[in-house]
>>> print(open('target_13.txt').read())   # compact mmCIF, C-alpha atoms
# COMPACT_ATOMS: atom_id res chain seq x y z
CA MET A 18 -7.46 -13.43 4.29
CA SER A 19 -3.95 -13.63 5.71
CA VAL A 20 -2.91 -11.97 8.96
CA ALA A 21 0.45 -11.40 10.64
CA VAL A 22 1.22 -9.60 13.89
CA LEU A 23 4.45 -9.00 15.79
CA GLU A 24 5.14 -7.32 19.11
CA PRO A 25 8.71 -6.08 18.60
CA ARG A 26 9.32 -5.49 22.33
CA ASN A 27 9.46 -9.22 23.00
CA GLY A 28 9.50 -10.80 19.53
CA ARG A 29 6.15 -12.57 19.94
CA ARG A 30 4.42 -13.07 16.63
CA ALA A 31 1.60 -14.95 14.95
CA VAL A 32 0.86 -15.60 11.29
CA SER A 33 -2.36 -16.99 9.85
CA GLY A 34 -2.39 -17.81 6.14
CA SER A 35 0.59 -18.49 3.90
CA GLN A 36 -0.97 -17.83 0.49
CA ALA A 37 0.28 -15.05 -1.78
CA HIS A 38 -1.95 -12.02 -2.34
CA ILE A 39 -1.96 -9.16 -4.82
CA THR A 40 -0.38 -6.17 -3.07
CA ALA A 41 -2.15 -3.32 -4.92
CA SER A 42 -0.83 -0.08 -3.37
CA LEU A 43 0.83 -1.91 -0.49
CA ALA A 44 3.71 -2.39 -2.94
CA LYS A 45 4.49 1.32 -2.67
CA VAL A 46 6.28 0.83 0.66
CA ASP A 47 8.43 -1.85 -0.96
CA ILE A 48 9.15 0.41 -3.95
CA LEU A 49 10.28 3.19 -1.61
CA ALA A 50 12.47 0.78 0.35
CA ALA A 51 14.08 -0.32 -2.93
CA LEU A 52 14.67 3.32 -3.93
CA LEU A 53 16.30 4.08 -0.57
CA LEU A 54 18.55 1.02 -0.78
CA HIS A 55 19.65 2.23 -4.24
CA ALA A 56 20.45 5.67 -2.82
CA GLN A 57 22.35 4.08 0.08
CA ARG A 58 24.55 2.15 -2.36
CA GLU A 59 25.33 5.43 -4.08
CA ARG A 60 26.04 7.05 -0.69
CA ARG A 61 23.57 9.87 -1.23
CA PRO A 62 20.21 11.13 0.06
CA LEU A 63 17.16 11.10 -2.16
CA THR A 64 17.09 13.83 -4.78
CA GLN A 65 14.46 16.54 -4.42
CA TRP A 66 12.42 14.90 -7.19
CA GLU A 67 12.70 11.44 -5.62
CA ALA A 68 11.66 12.77 -2.21
CA SER A 69 8.62 14.66 -3.49
CA THR A 70 7.55 11.77 -5.70
CA ALA A 71 7.91 9.33 -2.79
CA ALA A 72 5.81 11.61 -0.60
CA SER A 73 2.92 11.68 -3.06
CA MET A 74 3.23 7.92 -3.60
CA ILE A 75 2.94 7.07 0.11
CA GLN A 76 0.87 9.90 1.60
CA SER A 77 -1.69 10.21 -1.22
CA SER A 78 -1.13 6.77 -2.78
CA ASP A 79 -0.54 8.43 -6.16
CA ASN A 80 -0.22 5.79 -8.87
CA ASP A 81 1.67 7.95 -11.36
CA SER A 82 4.31 8.59 -8.71
CA ALA A 83 4.55 4.86 -8.03
CA GLY A 84 5.00 4.18 -11.74
CA ALA A 85 7.77 6.77 -11.99
CA LEU A 86 9.67 5.33 -9.02
CA TRP A 87 9.05 1.77 -10.28
CA ARG A 88 10.94 2.74 -13.41
CA ARG A 89 13.59 4.49 -11.31
CA ILE A 90 14.40 1.31 -9.35
CA GLY A 91 14.56 -0.83 -12.50
CA GLY A 92 11.04 -2.22 -12.47
CA GLY A 93 10.32 -5.72 -11.26
CA GLN A 94 13.93 -6.83 -11.37
CA GLY A 95 14.94 -3.91 -9.18
CA LEU A 96 12.20 -4.73 -6.68
CA ASN A 97 13.15 -8.41 -6.58
CA ASP A 98 16.81 -7.50 -6.05
CA ALA A 99 15.90 -5.18 -3.17
CA ASN A 100 13.67 -7.81 -1.60
CA ARG A 101 16.54 -10.27 -1.47
CA THR A 102 18.47 -7.67 0.52
CA LEU A 103 15.47 -7.02 2.77
CA GLY A 104 14.90 -10.73 3.43
CA LEU A 105 11.55 -11.07 1.63
CA THR A 106 11.51 -14.63 0.30
CA SER A 107 7.92 -15.04 -0.95
CA THR A 108 7.32 -11.78 -2.80
CA GLN A 109 7.32 -11.63 -6.60
CA ALA A 110 7.28 -8.33 -8.45
CA GLY A 111 4.43 -7.66 -10.84
CA PRO A 112 5.06 -8.09 -14.57
CA GLY A 113 6.20 -5.23 -16.76
CA PRO A 114 4.81 -1.89 -15.52
CA HIS A 115 2.22 -3.56 -13.27
CA TRP A 116 3.73 -2.90 -9.84
CA GLY A 117 0.28 -3.31 -8.24
CA LEU A 118 0.19 -6.96 -9.31
CA THR A 119 3.18 -7.76 -7.12
CA ARG A 120 2.30 -10.82 -5.04
CA THR A 121 3.33 -11.25 -1.42
CA THR A 122 2.54 -13.03 1.84
CA ALA A 123 1.62 -11.61 5.23
CA ALA A 124 4.83 -13.03 6.70
CA ASP A 125 6.93 -11.25 4.05
CA GLN A 126 5.21 -7.93 4.71
CA LEU A 127 5.89 -8.39 8.41
CA THR A 128 9.57 -8.78 7.47
CA LEU A 129 9.31 -5.55 5.49
CA LEU A 130 7.77 -3.73 8.46
CA SER A 131 10.57 -5.02 10.67
CA ALA A 132 13.08 -3.57 8.18
CA VAL A 133 11.24 -0.24 8.16
CA PHE A 134 10.75 0.12 11.91
CA GLY A 135 13.43 -2.08 13.49
CA ASP A 136 17.01 -1.13 14.32
CA HIS A 137 18.60 -4.20 12.72
CA SER A 138 17.85 -3.49 9.08
CA PRO A 139 19.53 -3.14 5.67
CA LEU A 140 17.88 0.31 5.66
CA ASN A 141 19.97 2.84 7.54
CA ARG A 142 18.54 5.24 10.12
CA ALA A 143 17.98 8.05 7.62
CA SER A 144 16.19 5.73 5.18
CA ARG A 145 13.96 4.32 7.91
CA ASP A 146 13.09 7.85 9.03
CA VAL A 147 11.92 8.72 5.52
CA ILE A 148 9.50 5.78 5.32
CA GLN A 149 8.29 6.11 8.90
CA THR A 150 7.56 9.81 8.49
CA LEU A 151 5.57 9.32 5.29
CA MET A 152 3.61 6.37 6.71
CA GLY A 153 2.70 8.59 9.65
CA GLN A 154 1.26 11.30 7.38
CA ILE A 155 -1.26 9.35 5.30
CA ASP A 156 -4.10 11.41 3.80
CA ALA A 157 -7.16 11.42 6.06
CA ASP A 158 -9.37 9.59 3.56
CA GLN A 159 -6.93 6.66 3.59
CA ASP A 160 -6.65 6.38 7.37
CA TRP A 161 -8.36 3.03 7.78
CA GLY A 162 -7.37 -0.61 8.19
CA VAL A 163 -4.82 -1.40 10.89
CA SER A 164 -5.18 2.12 12.31
CA ALA A 165 -8.65 1.17 13.57
CA GLU A 166 -6.96 -0.89 16.28
CA GLY A 167 -4.46 1.68 17.51
CA SER A 168 -4.38 5.04 19.20
CA ARG A 169 -1.35 5.97 17.08
CA SER A 170 -0.37 4.46 13.76
CA GLN A 171 1.93 4.59 10.74
CA LEU A 172 0.45 2.66 7.87
CA LYS A 173 -0.06 2.01 4.17
CA ASN A 174 -3.17 0.53 2.59
CA GLY A 175 -3.84 -1.09 -0.76
CA TRP A 176 -7.09 -1.66 -2.64
CA LEU A 177 -7.89 -2.97 -6.10
CA GLN A 178 -11.06 -4.14 -7.82
CA ARG A 179 -10.25 -7.10 -10.06
CA SER A 180 -11.54 -6.64 -13.59
CA GLN A 181 -12.86 -10.18 -14.14
CA SER A 182 -14.51 -11.01 -10.83
CA GLN A 183 -15.32 -7.40 -9.83
CA ARG A 184 -14.24 -8.45 -6.32
CA TRP A 185 -11.89 -6.37 -4.21
CA ALA A 186 -8.42 -6.97 -2.81
CA ILE A 187 -8.14 -4.93 0.39
CA ASN A 188 -4.82 -4.77 2.27
CA SER A 189 -3.44 -2.84 5.23
CA MET A 190 -0.18 -2.87 7.14
CA GLY A 191 1.71 -0.71 9.60
CA ARG A 192 2.86 -0.04 13.14
CA VAL A 193 0.17 0.67 15.72
CA THR A 194 0.09 1.47 19.42
CA ALA A 195 -2.73 -0.32 21.25
CA HIS A 196 -3.25 -1.11 24.95
CA GLY A 197 -0.02 0.74 25.69
CA ARG A 198 1.98 -1.66 23.49
CA THR A 199 3.43 -1.47 19.98
CA PHE A 200 2.56 -3.94 17.24
CA TYR A 201 3.44 -4.49 13.59
CA LEU A 202 0.30 -5.60 11.76
CA VAL A 203 -0.36 -6.96 8.26
CA ILE A 204 -3.77 -7.86 6.84
CA LEU A 205 -4.03 -9.13 3.24
CA SER A 206 -7.38 -10.05 1.71
CA HIS A 207 -9.14 -10.69 -1.56
CA GLY A 208 -12.67 -11.55 -2.70
CA SER A 209 -14.60 -8.79 -0.92
CA ARG A 210 -17.87 -7.82 -2.63
CA SER A 211 -17.22 -4.12 -2.05
CA MET A 212 -14.44 -1.88 -0.83
CA SER A 213 -16.36 -0.98 2.33
CA HIS A 214 -17.01 -4.66 3.10
CA GLY A 215 -13.31 -5.39 2.67
CA ILE A 216 -12.26 -2.53 4.93
CA SER A 217 -14.63 -3.72 7.67
CA ALA A 218 -13.21 -7.24 7.42
CA VAL A 219 -9.63 -5.98 7.55
CA GLU A 220 -10.32 -3.83 10.60
CA GLN A 221 -11.97 -6.72 12.41
CA ALA A 222 -8.99 -8.92 11.60
CA ALA A 223 -6.64 -6.26 13.01
CA HIS A 224 -8.62 -6.23 16.25
CA SER A 225 -8.61 -10.03 16.45
CA ALA A 226 -4.88 -10.27 15.84
CA VAL A 227 -3.92 -7.79 18.53
CA HIS A 228 -6.43 -9.33 20.96
CA ALA A 229 -5.00 -12.80 20.32
CA LEU A 230 -1.45 -11.66 21.01
CA CYS A 231 -2.45 -9.73 24.13
CA SER A 232 -4.60 -12.47 25.62
CA THR A 233 -2.38 -15.51 24.97
CA PRO A 234 0.23 -16.19 27.67
CA SER A 235 3.86 -16.40 26.63
CA PRO A 236 5.45 -18.52 25.19
CA VAL A 237 2.34 -20.08 23.60
CA THR A 238 1.76 -19.01 20.01
CA PRO A 239 -1.58 -17.22 19.75
CA ILE A 240 -4.27 -18.44 17.39
CA ILE A 241 -5.77 -15.73 15.20
CA ARG A 242 -9.44 -16.36 14.51
>>> encode(input="target_13.txt", output="structure tokens")
Amino acid sequence: MSVAVLEPRNGRRAVSGSQAHITASLAKVDILAALLLHAQRERRPLTQWEASTAASMIQSSDNDSAGALWRRIGGGQGLNDANRTLGLTSTQAGPGPHWGLTRTTAADQLTLLSAVFGDHSPLNRASRDVIQTLMGQIDADQDWGVSAEGSRSQLKNGWLQRSQSQRWAINSMGRVTAHGRTFYLVILSHGSRSMSHGISAVEQAAHSAVHALCSTPSPVTPIIR
């Protein structure tokens, strides 16, 4: 498991684990960011089709929609190009049509969250509003993970059972409000024996990360256990 947490109000952050993980559906936020950067370069809003496809991709985690937008951005090369703009240095797009096999680190996904929710971003205000709105309207059956730690949240989750090991990759990231403070949270994991076991582990890690940041005096870097 890898964990990253940032409190944007003061810039305090902690990262535990530098290994790359399979993104599964977490990649859909990155795909949407790439699509919006493409539209920005063309000085236009999303088309009606792009907007509706993006909504189903993020809110319902629809895989067909993700595949369609993956092709729209130019596949893996398009995602890698966008990630250079976004400042993601340790994320590699999945091969061919396999967007869910994109590999990333918790630190890189924290950078992506900062681009989505922060003011200093290659994504303009309108583009950030699109992603933030969709991440705040996730279908109820997918409202788990980092949201377990916050009273309000905007998130995206990813889950994938690997065909060889039958073990699960369970991921969650987003912006949460907890203890009256705002946090960006990323939890990446693999090797869970079941989806429910993985979700429980991810939610516990979210709690531990926020607790570590809240309980450690500044400027000491918190240790996430």
>>> residues_near_point(input="target_13.txt", point="(10.0, -4.2, -14.0)", cutoff="12 Å", atoms="all atoms listed in the file", output="list of chain:residue names")
A:Ile48, A:Gly84, A:Ala85, A:Leu86, A:Trp87, A:Arg88, A:Arg89, A:Ile90, A:Gly91, A:Gly92, A:Gly93, A:Gln94, A:Gly95, A:Leu96, A:Asn97, A:Asp98, A:Gln109, A:Ala110, A:Gly111, A:Pro112, A:Gly113, A:Pro114, A:His115, A:Trp116, A:Gly117, A:Leu118, A:Thr119
>>> closest_atom_pairs(input="target_13.txt", of="stretch 148-195 of chain A", to="stretch 32-46 of chain A", cutoff="8 Å", atoms="only C-alpha atoms", output="CSV")
residue,atom,partner,partner_atom,distance
A:Ile148,CA,A:Val46,CA,7.5
A:Lys173,CA,A:Leu43,CA,6.2
A:Asn174,CA,A:Leu43,CA,5.6
A:Gly175,CA,A:Ser42,CA,4.1
A:Trp176,CA,A:Ala41,CA,5.7
A:Leu177,CA,A:Ala41,CA,5.9
A:Ala186,CA,A:Ile39,CA,7.1
A:Asn188,CA,A:Leu43,CA,6.9
A:Ser189,CA,A:Leu43,CA,7.2
A:Met190,CA,A:Leu43,CA,7.8
>>> atom_distance(input="target_13.txt", atom1="atom CA of A:Gln57", atom2="atom CA of A:Asn141")
7.9 Å
>>> closest_residue(input="target_13.txt", among="A:Ala124, A:Ala56, A:Met74, A:Ala143", to="A:Ser107", atoms="all atoms listed in the file")
A:Ala124
>>> closest_residue(input="target_13.txt", among="A:Val20, A:Ala51, A:Ile75, A:Ala123", to="A:Ala222", atoms="only C-alpha atoms")
A:Val20
>>> closest_residue(input="target_13.txt", among="A:His55, A:Arg30, A:Arg192, A:Arg198", to="A:Ser164", atoms="all atoms listed in the file")
A:Arg192
>>> atom_distance(input="target_13.txt", atom1="atom CA of A:Thr238", atom2="atom CA of A:Thr102")
28.1 Å
>>> closest_residue(input="target_13.txt", among="A:Gln126, A:Ser182, A:Asp146, A:Gly104", to="A:Tyr201", atoms="all atoms listed in the file")
A:Gln126
>>> closest_residue(input="target_13.txt", among="A:Gln183, A:Gln171, A:Asp136, A:Ser144", to="A:Arg60", atoms="all atoms listed in the file")
A:Ser144
>>> atom_distance(input="target_13.txt", atom1="atom CA of A:Arg145", atom2="atom CA of A:His228")
27.8 Å
>>> closest_residue(input="target_13.txt", among="A:Arg58, A:Arg101, A:Arg120, A:Arg29", to="A:Leu205", atoms="only C-alpha atoms")
A:Arg120
>>> build_atoms(input="target_13.txt", residues="stretch 24-47 of chain A", atoms="N, CA and C atoms", output="mmCIF file, in the frame of the given file")
data_model
loop_
_atom_site.group_PDB
_atom_site.id
_atom_site.type_symbol
_atom_site.label_atom_id
_atom_site.label_comp_id
_atom_site.auth_asym_id
_atom_site.auth_seq_id
_atom_site.Cartn_x
_atom_site.Cartn_y
_atom_site.Cartn_z
ATOM 1 N N GLU A 24 4.861 -8.309 18.066
ATOM 2 C CA GLU A 24 5.140 -7.320 19.110
ATOM 3 C C GLU A 24 6.651 -7.212 19.231
ATOM 4 N N PRO A 25 7.240 -6.145 18.681
ATOM 5 C CA PRO A 25 8.710 -6.080 18.600
ATOM 6 C C PRO A 25 9.398 -6.025 19.955
ATOM 7 N N ARG A 26 8.703 -5.578 20.994
ATOM 8 C CA ARG A 26 9.320 -5.490 22.330
ATOM 9 C C ARG A 26 9.818 -6.833 22.810
ATOM 10 N N ASN A 27 9.065 -7.891 22.515
ATOM 11 C CA ASN A 27 9.460 -9.220 23.000
ATOM 12 C C ASN A 27 9.592 -10.261 21.890
ATOM 13 N N GLY A 28 9.338 -9.884 20.642
ATOM 14 C CA GLY A 28 9.500 -10.800 19.530
ATOM 15 C C GLY A 28 8.357 -11.778 19.325
ATOM 16 N N ARG A 29 7.281 -11.662 20.112
ATOM 17 C CA ARG A 29 6.150 -12.570 19.940
ATOM 18 C C ARG A 29 5.416 -12.240 18.657
ATOM 19 N N ARG A 30 5.062 -13.281 17.913
ATOM 20 C CA ARG A 30 4.420 -13.070 16.630
ATOM 21 C C ARG A 30 3.439 -14.190 16.346
ATOM 22 N N ALA A 31 2.533 -13.935 15.427
ATOM 23 C CA ALA A 31 1.600 -14.950 14.950
ATOM 24 C C ALA A 31 1.293 -14.661 13.496
ATOM 25 N N VAL A 32 1.177 -15.717 12.709
ATOM 26 C CA VAL A 32 0.860 -15.600 11.290
ATOM 27 C C VAL A 32 -0.244 -16.592 10.967
ATOM 28 N N SER A 33 -1.276 -16.125 10.299
ATOM 29 C CA SER A 33 -2.360 -16.990 9.850
ATOM 30 C C SER A 33 -2.543 -16.810 8.349
ATOM 31 N N GLY A 34 -2.259 -17.874 7.595
ATOM 32 C CA GLY A 34 -2.390 -17.810 6.140
ATOM 33 C C GLY A 34 -1.053 -17.623 5.464
ATOM 34 N N SER A 35 -0.703 -18.560 4.582
ATOM 35 C CA SER A 35 0.590 -18.490 3.900
ATOM 36 C C SER A 35 0.449 -18.209 2.406
ATOM 37 N N GLN A 36 -0.781 -18.025 1.913
ATOM 38 C CA GLN A 36 -0.970 -17.830 0.490
ATOM 39 C C GLN A 36 -0.488 -16.436 0.067
ATOM 40 N N ALA A 37 -0.155 -16.330 -1.220
ATOM 41 C CA ALA A 37 0.280 -15.050 -1.780
ATOM 42 C C ALA A 37 -0.933 -14.246 -2.224
ATOM 43 N N HIS A 38 -0.884 -12.943 -1.981
ATOM 44 C CA HIS A 38 -1.950 -12.020 -2.340
ATOM 45 C C HIS A 38 -1.418 -10.930 -3.248
ATOM 46 N N ILE A 39 -2.294 -10.357 -4.057
ATOM 47 C CA ILE A 39 -1.960 -9.160 -4.820
ATOM 48 C C ILE A 39 -1.756 -8.007 -3.834
ATOM 49 N N THR A 40 -0.671 -7.252 -4.009
ATOM 50 C CA THR A 40 -0.380 -6.170 -3.070
ATOM 51 C C THR A 40 -1.239 -4.935 -3.306
ATOM 52 N N ALA A 41 -1.596 -4.632 -4.570
ATOM 53 C CA ALA A 41 -2.150 -3.320 -4.920
ATOM 54 C C ALA A 41 -1.179 -2.253 -4.378
ATOM 55 N N SER A 42 -1.695 -1.193 -3.771
ATOM 56 C CA SER A 42 -0.830 -0.080 -3.370
ATOM 57 C C SER A 42 0.069 -0.378 -2.173
ATOM 58 N N LEU A 43 -0.096 -1.527 -1.547
ATOM 59 C CA LEU A 43 0.830 -1.910 -0.490
ATOM 60 C C LEU A 43 2.255 -1.996 -1.028
ATOM 61 N N ALA A 44 2.385 -2.279 -2.320
ATOM 62 C CA ALA A 44 3.710 -2.390 -2.940
ATOM 63 C C ALA A 44 4.492 -1.091 -2.878
ATOM 64 N N LYS A 45 3.809 0.019 -2.637
ATOM 65 C CA LYS A 45 4.490 1.320 -2.670
ATOM 66 C C LYS A 45 5.514 1.456 -1.546
ATOM 67 N N VAL A 46 5.277 0.817 -0.412
ATOM 68 C CA VAL A 46 6.280 0.830 0.660
ATOM 69 C C VAL A 46 7.527 0.075 0.204
ATOM 70 N N ASP A 47 7.325 -1.051 -0.447
ATOM 71 C CA ASP A 47 8.430 -1.850 -0.960
ATOM 72 C C ASP A 47 9.206 -1.088 -2.035
#
